[in-house]
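Student: upload31.cif is the file, holding mmCIF, C-alpha atoms:
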```
data_entry
loop_
_atom_site.label_atom_id
_atom_site.label_comp_id
_atom_site.auth_asym_id
_atom_site.auth_seq_id
_atom_site.Cartn_x
_atom_site.Cartn_y
_atom_site.Cartn_z
CA MET D 208 0.00 0.00 0.00
CA GLY D 209 2.97 2.27 -0.67
CA ALA D 210 1.13 4.57 -3.07
CA ALA D 211 -1.49 5.27 -0.42
CA ARG D 212 1.18 7.05 1.63
CA HIS D 213 0.79 9.91 -0.82
CA THR D 214 -2.84 10.53 0.16
CA PRO D 215 -4.00 12.52 3.19
CA ARG D 216 -4.63 10.50 6.34
CA VAL D 217 -8.44 10.82 6.22
CA GLN D 218 -8.48 9.63 2.59
CA ARG D 219 -6.39 6.59 3.53
CA ALA D 220 -8.76 5.89 6.42
CA VAL D 221 -11.76 6.08 4.11
CA LEU D 222 -10.15 3.64 1.66
CA VAL D 223 -9.34 1.16 4.41
CA LEU D 224 -12.76 1.40 6.01
CA ARG D 225 -14.58 1.14 2.69
CA TYR D 226 -12.55 -1.40 0.72
CA TYR D 227 -10.86 -3.51 3.40
CA LEU D 228 -13.51 -3.48 6.12
CA ASP D 229 -16.46 -3.07 3.72
CA LEU D 230 -18.20 -0.47 5.89
CA PRO D 231 -21.04 1.62 4.48
CA ASP D 232 -20.53 5.36 3.94
CA PRO D 233 -22.73 6.47 6.89
CA GLU D 234 -20.69 4.33 9.30
CA ILE D 235 -17.41 5.59 7.85
CA ALA D 236 -18.71 9.15 8.20
CA ASP D 237 -19.41 8.57 11.90
CA LEU D 238 -15.93 7.14 12.43
CA VAL D 239 -14.00 9.90 10.66
CA GLY D 240 -16.31 12.74 11.69
CA CYS D 241 -17.77 13.96 8.42
CA ALA D 242 -20.88 13.68 6.27
CA PRO D 243 -21.49 10.59 4.10
CA ALA D 244 -21.16 12.77 0.98
CA THR D 245 -17.72 13.85 2.19
CA VAL D 246 -16.74 10.20 2.56
CA ARG D 247 -17.53 9.73 -1.12
CA VAL D 248 -15.44 12.79 -2.01
CA HIS D 249 -12.50 11.49 0.03
CA ALA D 250 -12.74 8.08 -1.66
CA PHE D 251 -12.96 9.64 -5.13
CA ARG D 252 -9.93 11.86 -4.55
CA ALA D 253 -7.86 9.09 -2.98
CA LEU D 254 -8.57 6.73 -5.86
CA GLY D 255 -7.63 9.49 -8.31
CA THR D 256 -4.31 9.95 -6.54
CA LEU D 257 -3.66 6.20 -6.59
CA ARG D 258 -4.54 5.99 -10.30
CA ALA D 259 -2.18 8.85 -11.14
CA ARG D 260 0.69 7.34 -9.13
CA LEU D 261 0.16 3.91 -10.69
CA SER D 262 0.03 5.42 -14.16
CA ALA D 263 3.26 7.34 -13.53
CA HIS D 264 4.91 4.21 -12.16
CA LEU D 265 3.88 2.11 -15.16
CA THR D 266 5.00 4.82 -17.57
CA ALA D 267 8.39 5.03 -15.84
CA GLU D 268 8.78 1.24 -16.11
CA ASP D 269 7.97 1.38 -19.83
CA HIS D 270 10.69 3.95 -20.39
CA SER D 271 13.30 2.14 -18.32
CA GLY D 272 13.27 -0.93 -20.44
#
```
Could I get this file's structure written as structure tokens?

Tutor:
Amino acid sequence: MGAARHTPRVQRAVLVLRYYLDLPDPEIADLVGCAPATVRVHAFRALGTLRARLSAHLTAEDHSG
């Protein structure tokens, strides 16, 4: 989960709670202290960061041989 280190702490928490513990957004919102809609925003942004880092990593591997 190295790429996740590049996301803010609350975004990492949302990813873990949602995708590893399979908690629903309202429960995650209670745990991290925000609204369920904000949980969705945090998840969206964190996944975008992970996609960008993975894409950059794969591109770098392509260029290195």

Student: Calculate how many Å separate atom CA of Asp237 of chain D from atom CA of Val217 of chain D, rounding to one decimal.

Tutor: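 Taking atom CA of Asp237 of chain D and atom CA of Val217 of chain D, their separation equals 12.6 Å.
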
Student: Given only C-alpha atoms as the basis, pick out the residue of D:Leu257, D:Val221, D:Arg212, D:Ser271 nearest to Ala244 of chain D.

Tutor: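 Among the listed residues, the smallest separation from Ala244 of chain D belongs to D:Val221.
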
Student: For Leu254 of chain D, which residue out of D:Ala220, D:Leu230, D:Gly209, D:Thr214 is the nearest one, using all atoms listed in the file?

Tutor: D:Thr214

Student: Grab the atom CA of Tyr226 of chain D to atom CA of Leu265 of chain D distance for me, in Å with one decimal place.

Tutor: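 Spanning atom CA of Tyr226 of chain D to atom CA of Leu265 of chain D is a straight-line distance of 23.1 Å.
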
Student: Hey, which of D:Arg252, D:Arg258, D:His270, D:Arg247 ends up closest to Pro231 of chain D? Count all atoms listed in the file.

Tutor: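 Nearest to Pro231 of chain D: D:Arg247.
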
Student: Please compute the atom CA of Asp269 of chain D-atom CA of Gln218 of chain D distance, one decimal, in Å.

Tutor: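 Atom CA of Gln218 of chain D lies 29.0 Å from atom CA of Asp269 of chain D.
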